[in-house]
>>> print(open('coords27.cif').read())   # mmCIF, N, CA and C atoms
data_final
loop_
_atom_site.label_atom_id
_atom_site.label_comp_id
_atom_site.auth_asym_id
_atom_site.auth_seq_id
_atom_site.Cartn_x
_atom_site.Cartn_y
_atom_site.Cartn_z
N MET A 990 45.52 -46.50 -34.73
CA MET A 990 46.31 -46.11 -35.87
C MET A 990 46.87 -47.33 -36.59
N GLU A 991 47.18 -48.36 -35.83
CA GLU A 991 47.71 -49.58 -36.44
C GLU A 991 46.65 -50.26 -37.31
N GLN A 992 45.40 -50.17 -36.87
CA GLN A 992 44.33 -50.78 -37.65
C GLN A 992 44.13 -50.03 -38.97
N PHE A 993 44.23 -48.72 -38.93
CA PHE A 993 44.11 -47.93 -40.15
C PHE A 993 45.23 -48.27 -41.12
N ALA A 994 46.45 -48.42 -40.62
CA ALA A 994 47.58 -48.80 -41.46
C ALA A 994 47.37 -50.19 -42.05
N ALA A 995 46.81 -51.09 -41.28
CA ALA A 995 46.56 -52.45 -41.78
C ALA A 995 45.51 -52.43 -42.89
N VAL A 996 44.48 -51.60 -42.74
CA VAL A 996 43.46 -51.50 -43.78
C VAL A 996 44.05 -50.89 -45.05
N CYS A 997 44.84 -49.84 -44.89
CA CYS A 997 45.48 -49.20 -46.04
C CYS A 997 46.40 -50.17 -46.76
N THR A 998 47.14 -50.96 -46.01
CA THR A 998 48.04 -51.95 -46.61
C THR A 998 47.24 -53.00 -47.37
N ALA A 999 46.13 -53.43 -46.80
CA ALA A 999 45.30 -54.43 -47.48
C ALA A 999 44.73 -53.87 -48.79
N VAL A 1000 44.29 -52.63 -48.77
CA VAL A 1000 43.74 -52.01 -49.97
C VAL A 1000 44.83 -51.86 -51.03
N LEU A 1001 46.00 -51.41 -50.63
CA LEU A 1001 47.10 -51.27 -51.59
C LEU A 1001 47.52 -52.62 -52.16
N ASP A 1002 47.52 -53.64 -51.35
CA ASP A 1002 47.84 -54.98 -51.85
C ASP A 1002 46.81 -55.44 -52.88
N LEU A 1003 45.54 -55.11 -52.64
CA LEU A 1003 44.50 -55.45 -53.60
C LEU A 1003 44.72 -54.72 -54.92
N PHE A 1004 45.04 -53.43 -54.87
CA PHE A 1004 45.27 -52.68 -56.09
C PHE A 1004 46.50 -53.15 -56.85
N ARG A 1005 47.47 -53.71 -56.16
CA ARG A 1005 48.69 -54.22 -56.82
C ARG A 1005 48.50 -55.59 -57.42
N HIS A 1006 47.39 -56.25 -57.10
CA HIS A 1006 47.14 -57.61 -57.59
C HIS A 1006 47.02 -57.58 -59.11
N LYS A 1007 47.79 -58.43 -59.78
CA LYS A 1007 47.77 -58.50 -61.24
C LYS A 1007 46.92 -59.68 -61.67
N PHE A 1008 46.21 -59.48 -62.77
CA PHE A 1008 45.41 -60.57 -63.33
C PHE A 1008 45.49 -60.47 -64.85
N THR A 1009 45.20 -61.58 -65.50
CA THR A 1009 45.27 -61.65 -66.95
C THR A 1009 43.86 -61.67 -67.52
N LEU A 1010 43.63 -60.80 -68.48
CA LEU A 1010 42.33 -60.69 -69.12
C LEU A 1010 42.55 -60.64 -70.62
N TYR A 1011 42.08 -61.66 -71.33
CA TYR A 1011 42.25 -61.77 -72.77
C TYR A 1011 43.71 -61.63 -73.20
N GLY A 1012 44.61 -62.21 -72.44
CA GLY A 1012 46.03 -62.21 -72.78
C GLY A 1012 46.81 -61.00 -72.31
N PHE A 1013 46.14 -60.04 -71.68
CA PHE A 1013 46.81 -58.85 -71.16
C PHE A 1013 46.87 -58.93 -69.64
N THR A 1014 48.04 -58.67 -69.08
CA THR A 1014 48.20 -58.66 -67.63
C THR A 1014 48.06 -57.22 -67.15
N ILE A 1015 47.06 -57.00 -66.30
CA ILE A 1015 46.80 -55.66 -65.77
C ILE A 1015 46.58 -55.75 -64.28
N SER A 1016 46.62 -54.61 -63.62
CA SER A 1016 46.35 -54.57 -62.19
C SER A 1016 45.12 -53.68 -61.97
N TYR A 1017 44.62 -53.68 -60.76
CA TYR A 1017 43.48 -52.84 -60.45
C TYR A 1017 43.85 -51.36 -60.52
N TRP A 1018 45.13 -51.02 -60.29
CA TRP A 1018 45.57 -49.63 -60.47
C TRP A 1018 45.35 -49.21 -61.91
N ASP A 1019 45.70 -50.10 -62.85
CA ASP A 1019 45.52 -49.80 -64.27
C ASP A 1019 44.05 -49.55 -64.58
N VAL A 1020 43.18 -50.39 -64.03
CA VAL A 1020 41.74 -50.23 -64.25
C VAL A 1020 41.27 -48.89 -63.69
N LEU A 1021 41.72 -48.55 -62.50
CA LEU A 1021 41.32 -47.28 -61.87
C LEU A 1021 41.77 -46.09 -62.70
N ILE A 1022 43.02 -46.06 -63.12
CA ILE A 1022 43.55 -44.93 -63.89
C ILE A 1022 42.83 -44.79 -65.22
N TRP A 1023 42.65 -45.91 -65.94
CA TRP A 1023 41.96 -45.85 -67.23
C TRP A 1023 40.51 -45.39 -67.06
N SER A 1024 39.86 -45.81 -65.99
CA SER A 1024 38.49 -45.38 -65.74
C SER A 1024 38.42 -43.87 -65.48
N LEU A 1025 39.36 -43.35 -64.70
CA LEU A 1025 39.39 -41.92 -64.42
C LEU A 1025 39.65 -41.11 -65.69
N VAL A 1026 40.61 -41.54 -66.49
CA VAL A 1026 40.94 -40.84 -67.73
C VAL A 1026 39.76 -40.89 -68.70
N ALA A 1027 39.13 -42.07 -68.83
CA ALA A 1027 37.98 -42.20 -69.74
C ALA A 1027 36.84 -41.31 -69.27
N GLY A 1028 36.61 -41.22 -67.97
CA GLY A 1028 35.56 -40.36 -67.46
C GLY A 1028 35.81 -38.89 -67.76
N ILE A 1029 37.04 -38.47 -67.63
CA ILE A 1029 37.40 -37.08 -67.93
C ILE A 1029 37.21 -36.79 -69.42
N VAL A 1030 37.64 -37.71 -70.26
CA VAL A 1030 37.51 -37.51 -71.71
C VAL A 1030 36.04 -37.48 -72.12
N VAL A 1031 35.25 -38.41 -71.61
CA VAL A 1031 33.82 -38.43 -71.94
C VAL A 1031 33.14 -37.16 -71.46
N SER A 1032 33.48 -36.70 -70.28
CA SER A 1032 32.90 -35.46 -69.76
C SER A 1032 33.27 -34.27 -70.64
N PHE A 1033 34.51 -34.22 -71.09
CA PHE A 1033 34.97 -33.14 -71.96
C PHE A 1033 34.21 -33.16 -73.28
N ILE A 1034 34.10 -34.34 -73.88
CA ILE A 1034 33.40 -34.46 -75.18
C ILE A 1034 31.92 -34.14 -75.00
N LYS A 1035 31.33 -34.59 -73.92
CA LYS A 1035 29.92 -34.27 -73.66
C LYS A 1035 29.72 -32.76 -73.53
N GLY A 1036 30.65 -32.09 -72.87
CA GLY A 1036 30.57 -30.64 -72.75
C GLY A 1036 30.69 -29.94 -74.08
N LEU A 1037 31.54 -30.46 -74.95
CA LEU A 1037 31.67 -29.87 -76.28
C LEU A 1037 30.41 -30.05 -77.11
N LEU A 1038 29.80 -31.22 -77.02
CA LEU A 1038 28.64 -31.52 -77.85
C LEU A 1038 27.37 -30.83 -77.36
N THR A 1039 27.24 -30.65 -76.07
CA THR A 1039 26.02 -30.06 -75.53
C THR A 1039 26.14 -28.54 -75.36
N GLY A 1040 27.33 -28.01 -75.44
CA GLY A 1040 27.52 -26.58 -75.30
C GLY A 1040 27.60 -26.11 -73.87
N ASP A 1041 27.66 -27.05 -72.91
CA ASP A 1041 27.80 -26.66 -71.51
C ASP A 1041 29.20 -26.14 -71.26
N GLU A 1042 29.28 -25.24 -70.31
CA GLU A 1042 30.59 -24.71 -69.97
C GLU A 1042 31.04 -25.15 -68.65
#
>>> encode(input="coords27.cif", output="structure tokens")
Amino acid sequence: MEQFAAVCTAVLDLFRHKFTLYGFTISYWDVLIWSLVAGIVVSFIKGLLTGDE
């Protein structure tokens, strides 16, 4: 169980890491959230355009 906690802590530390890209400071959490939201929006628009339900 301690090893699992150590892995989880390492992953969370990685997601909290901030970096600067083109003058904007973002973290990997920001990248993950924006990717999920963009995927949902693209899927919704694709469904509207193709007529899928």
>>> atom_distance(input="coords27.cif", atom1="CA of Asp1002 (chain A)", atom2="CA of Ala1027 (chain A)")
24.1 Å
>>> select_by_dssp(input="coords27.cif", residues="region 1003-1041 of chain A", states="strand (DSSP E or B)", output="list in words")
Lys1007, Phe1008, Thr1009, Leu1010, Phe1013, Thr1014, Ile1015 and Ser1016 of chain A
>>> select_by_dssp(input="coords27.cif", residues="chain A", states="helix (DSSP H, G or I)", output="PyMOL selection string")
chain A and resi 991-1005+1017-1039
>>> atom_distance(input="coords27.cif", atom1="atom C of Asp1019 (chain A)", atom2="atom C of Leu1037 (chain A)")
26.9 Å
>>> atom_distance(input="coords27.cif", atom1="CA of Leu1001 (chain A)", atom2="atom C of Trp1018 (chain A)")
10.7 Å
>>> axis_aligned_box(input="coords27.cif", around="region 999-1018 of chain A", padding_each_side="6 Å", output="JSON")
{"center_x": 45.4, "center_y": -55.7, "center_z": -60.0, "size_x": 18.6, "size_y": 25.0, "size_z": 38.4}
>>> residues_around(input="coords27.cif", residues="Phe1004 (chain A)", least_positions_apart="3", cutoff="12 Å", atoms="only C-alpha atoms", output="list in words")
Cys997, Thr998, Ala999, Val1000, Leu1001, Lys1007, Phe1008, Ile1015, Ser1016, Tyr1017, Trp1018, Asp1019, Val1020, Leu1021 and Ile1022 of chain A
>>> decode(input="coords27.cif", residues="region 997-1014 of chain A", atoms="N, CA and C atoms", output="CSV table (one decimal), in the first residue's frame")
chain,number,residue,atom,x,y,z
A,997,CYS,N,1.2,7.3,-6.5
A,997,CYS,CA,0.2,8.4,-6.6
A,997,CYS,C,0.7,9.7,-6.3
A,998,THR,N,1.6,9.8,-5.3
A,998,THR,CA,2.2,11.1,-5.0
A,998,THR,C,3.1,11.6,-6.1
A,999,ALA,N,3.8,10.7,-6.7
A,999,ALA,CA,4.7,11.1,-7.8
A,999,ALA,C,3.9,11.6,-9.0
A,1000,VAL,N,2.8,10.9,-9.3
A,1000,VAL,CA,2.0,11.3,-10.4
A,1000,VAL,C,1.4,12.7,-10.1
A,1001,LEU,N,0.9,12.9,-8.9
A,1001,LEU,CA,0.3,14.2,-8.6
A,1001,LEU,C,1.3,15.3,-8.6
A,1002,ASP,N,2.5,15.0,-8.2
A,1002,ASP,CA,3.6,16.0,-8.2
A,1002,ASP,C,3.9,16.4,-9.7
A,1003,LEU,N,3.9,15.4,-10.6
A,1003,LEU,CA,4.1,15.6,-12.0
A,1003,LEU,C,3.0,16.5,-12.5
A,1004,PHE,N,1.7,16.3,-12.2
A,1004,PHE,CA,0.6,17.1,-12.7
A,1004,PHE,C,0.7,18.5,-12.1
A,1005,ARG,N,1.2,18.7,-11.0
A,1005,ARG,CA,1.3,20.0,-10.4
A,1005,ARG,C,2.5,20.8,-10.9
A,1006,HIS,N,3.4,20.2,-11.6
A,1006,HIS,CA,4.6,20.9,-12.2
A,1006,HIS,C,4.1,22.0,-13.2
A,1007,LYS,N,4.6,23.2,-12.9
A,1007,LYS,CA,4.3,24.3,-13.8
A,1007,LYS,C,5.4,24.5,-14.8
A,1008,PHE,N,5.0,24.9,-16.0
A,1008,PHE,CA,6.0,25.3,-17.0
A,1008,PHE,C,5.5,26.5,-17.8
A,1009,THR,N,6.4,27.2,-18.5
A,1009,THR,CA,6.0,28.3,-19.2
A,1009,THR,C,6.1,28.0,-20.7
A,1010,LEU,N,5.0,28.3,-21.4
A,1010,LEU,CA,5.0,28.1,-22.8
A,1010,LEU,C,4.4,29.3,-23.5
A,1011,TYR,N,5.3,29.9,-24.3
A,1011,TYR,CA,4.9,31.2,-25.0
A,1011,TYR,C,4.5,32.3,-24.1
A,1012,GLY,N,5.1,32.4,-22.9
A,1012,GLY,CA,4.8,33.4,-22.0
A,1012,GLY,C,3.6,33.1,-21.0
A,1013,PHE,N,3.0,31.9,-21.2
A,1013,PHE,CA,1.9,31.5,-20.3
A,1013,PHE,C,2.4,30.4,-19.4
A,1014,THR,N,2.1,30.5,-18.1
A,1014,THR,CA,2.5,29.5,-17.1
A,1014,THR,C,1.3,28.6,-16.9
